[in-house]
file coords-v7.pdb (PDB, C-alpha atoms, pLDDT in the B column)
ATOM      1  CA  MET A  94       8.321  24.335 -21.089  1.00 49.00           C
ATOM      2  CA  MET A  95       8.902  23.354 -17.455  1.00 60.00           C
ATOM      3  CA  ASN A  96       6.959  25.341 -14.858  1.00 72.00           C
ATOM      4  CA  ASP A  97       8.794  27.097 -12.020  1.00 77.00           C
ATOM      5  CA  GLU A  98       7.621  24.708  -9.299  1.00 75.00           C
ATOM      6  CA  ARG A  99       8.881  21.660 -11.173  1.00 74.00           C
ATOM      7  CA  LYS A 100      12.162  23.414 -12.058  1.00 76.00           C
ATOM      8  CA  GLN A 101      12.680  24.361  -8.409  1.00 78.00           C
ATOM      9  CA  TRP A 102      12.166  20.753  -7.224  1.00 74.00           C
ATOM     10  CA  LEU A 103      14.400  19.290  -9.920  1.00 76.00           C
ATOM     11  CA  SER A 104      17.239  21.681  -9.096  1.00 78.00           C
ATOM     12  CA  ARG A 105      17.689  20.250  -5.602  1.00 82.00           C
ATOM     13  CA  PRO A 106      20.868  18.210  -5.097  1.00 79.00           C
ATOM     14  CA  ALA A 107      20.567  14.473  -4.456  1.00 84.00           C
ATOM     15  CA  ASN A 108      21.264  13.221  -0.937  1.00 85.00           C
ATOM     16  CA  GLU A 109      22.935   9.863  -1.592  1.00 90.00           C
ATOM     17  CA  LYS A 110      23.921   9.262   2.044  1.00 92.00           C
ATOM     18  CA  LEU A 111      20.335   9.643   3.269  1.00 91.00           C
ATOM     19  CA  SER A 112      19.161   7.496   0.357  1.00 93.00           C
ATOM     20  CA  LYS A 113      21.429   4.630   1.422  1.00 94.00           C
ATOM     21  CA  THR A 114      20.336   4.892   5.069  1.00 94.00           C
ATOM     22  CA  LEU A 115      16.655   4.953   4.134  1.00 95.00           C
ATOM     23  CA  GLY A 116      17.259   2.036   1.761  1.00 95.00           C
ATOM     24  CA  ILE A 117      18.450  -0.101   4.673  1.00 96.00           C
ATOM     25  CA  VAL A 118      15.398   0.962   6.686  1.00 96.00           C
ATOM     26  CA  ALA A 119      13.162   0.060   3.721  1.00 96.00           C
ATOM     27  CA  TRP A 120      14.600  -3.459   3.502  1.00 97.00           C
ATOM     28  CA  VAL A 121      14.238  -3.979   7.267  1.00 97.00           C
ATOM     29  CA  LEU A 122      10.619  -2.745   7.197  1.00 94.00           C
ATOM     30  CA  THR A 123       9.861  -4.972   4.216  1.00 95.00           C
ATOM     31  CA  ALA A 124      11.300  -8.009   6.014  1.00 95.00           C
ATOM     32  CA  VAL A 125       9.359  -7.232   9.214  1.00 95.00           C
ATOM     33  CA  VAL A 126       6.087  -6.788   7.316  1.00 93.00           C
ATOM     34  CA  LEU A 127       6.533  -9.977   5.300  1.00 91.00           C
ATOM     35  CA  VAL A 128       7.385 -11.969   8.444  1.00 93.00           C
ATOM     36  CA  LEU A 129       4.325 -10.555  10.242  1.00 91.00           C
ATOM     37  CA  VAL A 130       2.060 -11.378   7.290  1.00 88.00           C
ATOM     38  CA  GLY A 131       3.474 -14.908   7.220  1.00 88.00           C
ATOM     39  CA  LEU A 132       3.048 -15.370  10.963  1.00 91.00           C
ATOM     40  CA  MET A 133      -0.498 -14.034  11.165  1.00 87.00           C
ATOM     41  CA  ARG A 134      -1.750 -16.959   9.077  1.00 80.00           C
ATOM     42  CA  ARG A 135      -0.513 -19.489  11.662  1.00 86.00           C
ATOM     43  CA  PRO A 136      -3.174 -20.514  14.216  1.00 84.00           C
ATOM     44  CA  GLU A 137      -0.632 -20.745  17.041  1.00 87.00           C
ATOM     45  CA  MET A 138       0.173 -17.051  16.526  1.00 87.00           C
ATOM     46  CA  HIS A 139      -3.442 -16.020  17.090  1.00 87.00           C
ATOM     47  CA  ILE A 140      -3.708 -13.409  19.870  1.00 90.00           C
ATOM     48  CA  PRO A 141      -6.885 -13.715  21.960  1.00 89.00           C
ATOM     49  CA  LEU A 142      -8.634 -10.437  22.662  1.00 89.00           C
ATOM     50  CA  PRO A 143     -10.085  -9.570  26.079  1.00 91.00           C
ATOM     51  CA  GLU A 144     -13.681 -10.625  26.710  1.00 92.00           C
ATOM     52  CA  GLY A 145     -16.104  -8.409  24.811  1.00 90.00           C
ATOM     53  CA  TRP A 146     -13.486  -7.081  22.401  1.00 92.00           C
ATOM     54  CA  SER A 147     -13.652  -7.675  18.665  1.00 90.00           C
ATOM     55  CA  PHE A 148     -11.851  -6.372  15.616  1.00 92.00           C
ATOM     56  CA  LYS A 149     -14.591  -7.612  13.272  1.00 91.00           C
ATOM     57  CA  PHE A 150     -15.323  -3.983  12.389  1.00 93.00           C
ATOM     58  CA  LEU A 151     -11.945  -3.683  10.615  1.00 95.00           C
ATOM     59  CA  PRO A 152     -12.578  -5.258   7.160  1.00 95.00           C
ATOM     60  CA  PRO A 153     -14.723  -2.324   5.977  1.00 96.00           C
ATOM     61  CA  VAL A 154     -12.091   0.006   7.435  1.00 97.00           C
ATOM     62  CA  HIS A 155      -9.485  -1.815   5.314  1.00 96.00           C
ATOM     63  CA  ALA A 156     -11.642  -1.266   2.221  1.00 97.00           C
ATOM     64  CA  VAL A 157     -12.128   2.435   2.974  1.00 98.00           C
ATOM     65  CA  LEU A 158      -8.412   2.965   3.622  1.00 98.00           C
ATOM     66  CA  ASN A 159      -7.490   1.199   0.366  1.00 97.00           C
ATOM     67  CA  SER A 160     -10.090   3.253  -1.512  1.00 98.00           C
ATOM     68  CA  LEU A 161      -8.622   6.455  -0.079  1.00 98.00           C
ATOM     69  CA  VAL A 162      -5.149   5.291  -1.130  1.00 98.00           C
ATOM     70  CA  ALA A 163      -6.462   4.844  -4.682  1.00 98.00           C
ATOM     71  CA  VAL A 164      -8.004   8.331  -4.657  1.00 98.00           C
ATOM     72  CA  SER A 165      -4.744   9.785  -3.311  1.00 98.00           C
ATOM     73  CA  LEU A 166      -2.731   8.039  -6.023  1.00 98.00           C
ATOM     74  CA  ILE A 167      -5.014   9.340  -8.765  1.00 98.00           C
ATOM     75  CA  GLY A 168      -4.740  12.840  -7.267  1.00 98.00           C
ATOM     76  CA  ALA A 169      -0.944  12.470  -7.158  1.00 98.00           C
ATOM     77  CA  ILE A 170      -0.637  11.502 -10.811  1.00 97.00           C
ATOM     78  CA  ALA A 171      -2.969  14.304 -11.880  1.00 97.00           C
ATOM     79  CA  ALA A 172      -0.985  16.835  -9.817  1.00 96.00           C
ATOM     80  CA  VAL A 173       2.416  15.803 -11.157  1.00 94.00           C
ATOM     81  CA  LYS A 174       1.164  15.859 -14.755  1.00 93.00           C
ATOM     82  CA  GLN A 175       0.085  19.468 -14.137  1.00 93.00           C
ATOM     83  CA  GLY A 176       3.482  20.302 -12.645  1.00 90.00           C
ATOM     84  CA  LYS A 177       2.028  20.814  -9.156  1.00 93.00           C
ATOM     85  CA  ILE A 178       4.844  19.072  -7.324  1.00 92.00           C
ATOM     86  CA  ALA A 179       3.933  20.221  -3.794  1.00 92.00           C
ATOM     87  CA  LEU A 180       0.376  18.933  -4.295  1.00 96.00           C
ATOM     88  CA  HIS A 181       1.754  15.686  -5.747  1.00 96.00           C
ATOM     89  CA  LYS A 182       3.912  15.301  -2.650  1.00 95.00           C
ATOM     90  CA  ARG A 183       0.905  15.850  -0.341  1.00 97.00           C
ATOM     91  CA  PHE A 184      -1.140  13.230  -2.196  1.00 98.00           C
ATOM     92  CA  ILE A 185       1.700  10.696  -2.082  1.00 97.00           C
ATOM     93  CA  ASN A 186       2.312  11.339   1.609  1.00 97.00           C
ATOM     94  CA  ALA A 187      -1.413  10.832   2.219  1.00 98.00           C
ATOM     95  CA  ALA A 188      -1.264   7.546   0.279  1.00 98.00           C
ATOM     96  CA  MET A 189       1.745   6.454   2.351  1.00 97.00           C
ATOM     97  CA  ILE A 190       0.076   7.323   5.680  1.00 97.00           C
ATOM     98  CA  LEU A 191      -3.187   5.641   4.645  1.00 98.00           C
ATOM     99  CA  SER A 192      -1.236   2.546   3.544  1.00 96.00           C
ATOM    100  CA  ILE A 193       0.546   2.407   6.905  1.00 95.00           C
ATOM    101  CA  LEU A 194      -2.795   2.695   8.724  1.00 97.00           C
ATOM    102  CA  PHE A 195      -4.189  -0.054   6.506  1.00 96.00           C
ATOM    103  CA  LEU A 196      -1.238  -2.315   7.236  1.00 94.00           C
ATOM    104  CA  LEU A 197      -1.517  -1.783  11.000  1.00 94.00           C
ATOM    105  CA  CYS A 198      -5.272  -2.510  10.946  1.00 94.00           C
ATOM    106  CA  TYR A 199      -4.799  -5.511   8.651  1.00 93.00           C
ATOM    107  CA  VAL A 200      -2.145  -7.096  10.864  1.00 92.00           C
ATOM    108  CA  ALA A 201      -4.173  -6.378  14.041  1.00 92.00           C
ATOM    109  CA  TYR A 202      -7.263  -7.965  12.480  1.00 93.00           C
ATOM    110  CA  HIS A 203      -5.539 -11.091  11.177  1.00 91.00           C
ATOM    111  CA  PHE A 204      -3.603 -11.736  14.393  1.00 92.00           C
ATOM    112  CA  THR A 205      -6.816 -11.597  16.451  1.00 93.00           C
ATOM    113  CA  THR A 206      -9.663 -12.760  14.237  1.00 90.00           C
ATOM    114  CA  VAL A 207     -10.357 -16.047  12.483  1.00 85.00           C
ATOM    115  CA  GLU A 208     -10.027 -15.680   8.731  1.00 84.00           C
ATOM    116  CA  THR A 209     -13.275 -15.525   6.753  1.00 88.00           C
ATOM    117  CA  LYS A 210     -13.467 -17.949   3.827  1.00 90.00           C
ATOM    118  CA  PHE A 211     -15.064 -17.065   0.496  1.00 92.00           C
ATOM    119  CA  GLY A 212     -18.207 -19.153   0.005  1.00 92.00           C
ATOM    120  CA  GLY A 213     -18.866 -18.545  -3.671  1.00 91.00           C
ATOM    121  CA  THR A 214     -18.514 -21.300  -6.258  1.00 92.00           C
ATOM    122  CA  GLY A 215     -17.871 -21.583  -9.968  1.00 94.00           C
ATOM    123  CA  THR A 216     -16.715 -18.647 -12.043  1.00 96.00           C
ATOM    124  CA  ILE A 217     -17.181 -16.090  -9.269  1.00 96.00           C
ATOM    125  CA  ARG A 218     -14.854 -18.107  -7.031  1.00 95.00           C
ATOM    126  CA  SER A 219     -12.220 -18.149  -9.781  1.00 96.00           C
ATOM    127  CA  VAL A 220     -12.568 -14.396 -10.247  1.00 97.00           C
ATOM    128  CA  TYR A 221     -12.314 -13.822  -6.482  1.00 96.00           C
ATOM    129  CA  LEU A 222      -9.257 -16.065  -6.128  1.00 96.00           C
ATOM    130  CA  PHE A 223      -7.539 -14.383  -9.089  1.00 97.00           C
ATOM    131  CA  LEU A 224      -8.162 -10.934  -7.628  1.00 97.00           C
ATOM    132  CA  LEU A 225      -7.157 -12.010  -4.114  1.00 95.00           C
ATOM    133  CA  ILE A 226      -3.974 -13.826  -5.146  1.00 96.00           C
ATOM    134  CA  SER A 227      -2.873 -11.050  -7.495  1.00 97.00           C
ATOM    135  CA  HIS A 228      -3.729  -8.432  -4.839  1.00 96.00           C
ATOM    136  CA  ILE A 229      -1.729 -10.174  -2.093  1.00 93.00           C
ATOM    137  CA  SER A 230       1.205 -11.062  -4.346  1.00 95.00           C
ATOM    138  CA  LEU A 231       1.509  -7.595  -5.833  1.00 96.00           C
ATOM    139  CA  ALA A 232       1.086  -5.968  -2.410  1.00 95.00           C
ATOM    140  CA  GLY A 233       4.037  -7.939  -1.080  1.00 92.00           C
ATOM    141  CA  LEU A 234       6.167  -7.360  -4.164  1.00 94.00           C
ATOM    142  CA  SER A 235       5.312  -3.677  -4.389  1.00 95.00           C
ATOM    143  CA  LEU A 236       6.076  -2.793  -0.762  1.00 95.00           C
ATOM    144  CA  PRO A 237       9.853  -2.359  -1.173  1.00 96.00           C
ATOM    145  CA  CYS A 238       9.323  -0.798  -4.600  1.00 97.00           C
ATOM    146  CA  ILE A 239       6.942   1.809  -3.180  1.00 97.00           C
ATOM    147  CA  LEU A 240       9.405   2.561  -0.394  1.00 97.00           C
ATOM    148  CA  PHE A 241      12.343   2.925  -2.796  1.00 97.00           C
ATOM    149  CA  THR A 242      10.315   5.134  -5.150  1.00 97.00           C
ATOM    150  CA  TRP A 243       9.383   7.363  -2.203  1.00 97.00           C
ATOM    151  CA  ILE A 244      12.994   7.379  -0.965  1.00 97.00           C
ATOM    152  CA  ALA A 245      14.209   8.457  -4.419  1.00 96.00           C
ATOM    153  CA  ALA A 246      11.835  11.419  -4.288  1.00 94.00           C
ATOM    154  CA  VAL A 247      12.602  12.546  -0.724  1.00 93.00           C
ATOM    155  CA  THR A 248      16.353  12.313  -1.377  1.00 95.00           C
ATOM    156  CA  ASN A 249      16.035  14.353  -4.584  1.00 92.00           C
ATOM    157  CA  ARG A 250      16.999  11.489  -6.916  1.00 94.00           C
ATOM    158  CA  PHE A 251      14.311  12.503  -9.381  1.00 91.00           C
ATOM    159  CA  ALA A 252      15.503  10.497 -12.401  1.00 92.00           C
ATOM    160  CA  ASP A 253      15.324   7.322 -10.292  1.00 95.00           C
ATOM    161  CA  HIS A 254      11.968   8.402  -8.864  1.00 95.00           C
ATOM    162  CA  ARG A 255      10.526   8.962 -12.330  1.00 93.00           C
ATOM    163  CA  ARG A 256      11.928   5.661 -13.644  1.00 96.00           C
ATOM    164  CA  LEU A 257      10.565   3.629 -10.707  1.00 96.00           C
ATOM    165  CA  SER A 258       7.205   5.362 -10.455  1.00 96.00           C
ATOM    166  CA  LYS A 259       6.294   4.532 -14.058  1.00 95.00           C
ATOM    167  CA  TRP A 260       5.836   0.882 -13.144  1.00 95.00           C
ATOM    168  CA  VAL A 261       5.309   1.095  -9.350  1.00 97.00           C
ATOM    169  CA  PHE A 262       2.357   3.492  -9.637  1.00 97.00           C
ATOM    170  CA  PRO A 263       0.056   1.168 -11.670  1.00 97.00           C
ATOM    171  CA  ILE A 264       0.866  -1.774  -9.381  1.00 98.00           C
ATOM    172  CA  TRP A 265       0.165   0.252  -6.231  1.00 98.00           C
ATOM    173  CA  LEU A 266      -3.078   1.545  -7.768  1.00 98.00           C
ATOM    174  CA  TYR A 267      -4.097  -2.016  -8.740  1.00 98.00           C
ATOM    175  CA  VAL A 268      -3.488  -3.200  -5.160  1.00 98.00           C
ATOM    176  CA  ALA A 269      -5.437  -0.237  -3.753  1.00 98.00           C
ATOM    177  CA  VAL A 270      -8.411  -0.914  -6.055  1.00 98.00           C
ATOM    178  CA  THR A 271      -8.526  -4.710  -5.819  1.00 98.00           C
ATOM    179  CA  GLY A 272      -8.462  -4.658  -2.000  1.00 96.00           C
ATOM    180  CA  PRO A 273     -11.948  -3.087  -1.719  1.00 97.00           C
ATOM    181  CA  ILE A 274     -13.225  -5.290  -4.564  1.00 97.00           C
ATOM    182  CA  CYS A 275     -12.085  -8.411  -2.675  1.00 96.00           C
ATOM    183  CA  TYR A 276     -13.718  -7.061   0.488  1.00 95.00           C
ATOM    184  CA  LEU A 277     -17.036  -6.474  -1.327  1.00 95.00           C
ATOM    185  CA  MET A 278     -16.910  -9.979  -2.789  1.00 96.00           C
ATOM    186  CA  LEU A 279     -16.165 -11.472   0.642  1.00 94.00           C
ATOM    187  CA  LYS A 280     -18.610  -9.265   2.573  1.00 91.00           C
ATOM    188  CA  PRO A 281     -21.597 -11.688   2.392  1.00 87.00           C
ATOM    189  CA  TYR A 282     -19.500 -14.342   4.182  1.00 85.00           C
ATOM    190  CA  TYR A 283     -18.429 -12.258   7.209  1.00 73.00           C
TER     191      TYR A 283
END

call {"tool": "encode", "arguments": {"input": "coords-v7.pdb", "output": "structure tokens"}}
result
Amino acid sequence: MMNDERKQWLSRPANEKLSKTLGIVAWVLTAVVLVLVGLMRRPEMHIPLPEGWSFKFLPPVHAVLNSLVAVSLIGAIAAVKQGKIALHKRFINAAMILSILFLLCYVAYHFTTVETKFGGTGTIRSVYLFLLISHISLAGLSLPCILFTWIAAVTNRFADHRRLSKWVFPIWLYVAVTGPICYLMLKPYY
């Protein structure tokens, strides 16, 4: 039997016009983010910081933000399974805000700081590279999917939201968990 909170949310009419508008915004944001991530790897795009400034404190911040995203996602799935839709929404919004903060810090760090290379060898290097490559690839692929899943929810297209979230959620959680793992593996080389 469906609880009252869930029934109330599901009875809201879909807002297709807003969904289409937000969809365009999602594609533009995705393109901007992917271009920025591509550009920040180019040495000629490096932005020098003023004397005495450093963003070298940011990698642990990235790991903490990603960890908090993972906690928020786990809270969100637990809340929705209990029919606590308002709590689910708060957890997801927290995960979105934390992800935006992460992205801003990540871009700021990589545009201003020389990339740290992993110094491990052998099996540990293979494990690190697998985690890093899968983390980066899935982060890029999941960005528009996360946005469209969120858009489906905020525009009351709940069937689409449910369908998308079943495969977007585990990918987003994987990205949120593997980010801090990659940081911890790279930490000795900073």

call {"tool": "resolve_selection", "arguments": {"input": "coords-v7.pdb", "expression": "the PyMOL selection byres ((chain A and resi 265) around 12)", "output": "ChimeraX atom specification"}}
result
/A:159-160,162-167,185,188-189,192,227-240,242,257-264,266-272

call {"tool": "closest_residue", "arguments": {"input": "coords-v7.pdb", "among": "A:Phe148, A:Trp102, A:Phe184, A:Phe223", "to": "A:Phe204", "atoms": "all atoms listed in the file"}}
result
A:Phe148

call {"tool": "residues_around", "arguments": {"input": "coords-v7.pdb", "residues": "A:Met138", "least_positions_apart": "2", "cutoff": "10 Å", "atoms": "only C-alpha atoms", "output": "list in words"}}
result
Leu129, Leu132, Met133, Arg134, Arg135, Pro136, Ile140, Pro141, His203, Phe204 and Thr205 of chain A

call {"tool": "atom_distance", "arguments": {"input": "coords-v7.pdb", "atom1": "atom CA of A:Glu98", "atom2": "atom CA of A:Thr114"}}
result
27.6 Å

call {"tool": "closest_residue", "arguments": {"input": "coords-v7.pdb", "among": "A:His139, A:Lys210, A:Val118, A:Arg255", "to": "A:Val173", "atoms": "all atoms listed in the file"}}
result
A:Arg255

call {"tool": "closest_residue", "arguments": {"input": "coords-v7.pdb", "among": "A:Leu115, A:Leu196, A:Ala187, A:Ala107", "to": "A:Ala252", "atoms": "only C-alpha atoms"}}
result
A:Ala107

call {"tool": "closest_residue", "arguments": {"input": "coords-v7.pdb", "among": "A:Val200, A:Ala172, A:Asp97, A:Ala245", "to": "A:Leu127", "atoms": "all atoms listed in the file"}}
result
A:Val200

call {"tool": "closest_residue", "arguments": {"input": "coords-v7.pdb", "among": "A:Gly168, A:Ser219, A:Met278, A:Glu144", "to": "A:Asn186", "atoms": "all atoms listed in the file"}}
result
A:Gly168

call {"tool": "atom_distance", "arguments": {"input": "coords-v7.pdb", "atom1": "atom CA of A:His155", "atom2": "atom CA of A:Phe195"}}
result
5.7 Å

call {"tool": "closest_residue", "arguments": {"input": "coords-v7.pdb", "among": "A:Leu225, A:Ile193, A:Ala179, A:Cys198", "to": "A:Ile274", "atoms": "all atoms listed in the file"}}
result
A:Leu225

call {"tool": "atom_distance", "arguments": {"input": "coords-v7.pdb", "atom1": "atom CA of A:Leu194", "atom2": "atom CA of A:Leu151"}}
result
11.3 Å

call {"tool": "resolve_selection", "arguments": {"input": "coords-v7.pdb", "expression": "the PyMOL selection byres ((chain A and resi 211) around 12)", "output": "ChimeraX atom specification"}}
result
/A:208-210,212-215,217-222,225,275-283

call {"tool": "residues_around", "arguments": {"input": "coords-v7.pdb", "residues": "A:Lys110", "least_positions_apart": "2", "cutoff": "12 Å", "atoms": "only C-alpha atoms", "output": "ChimeraX atom specification"}}
result
/A:106-108,112-117,244-245,248-250

call {"tool": "axis_aligned_box", "arguments": {"input": "coords-v7.pdb", "around": "stretch 204-217 of chain A", "padding_each_side": "8 Å", "output": "AutoDock Vina command-line options"}}
result
--center_x -11.2 --center_y -16.6 --center_z 2.2 --size_x 31.3 --size_y 26.0 --size_z 44.5
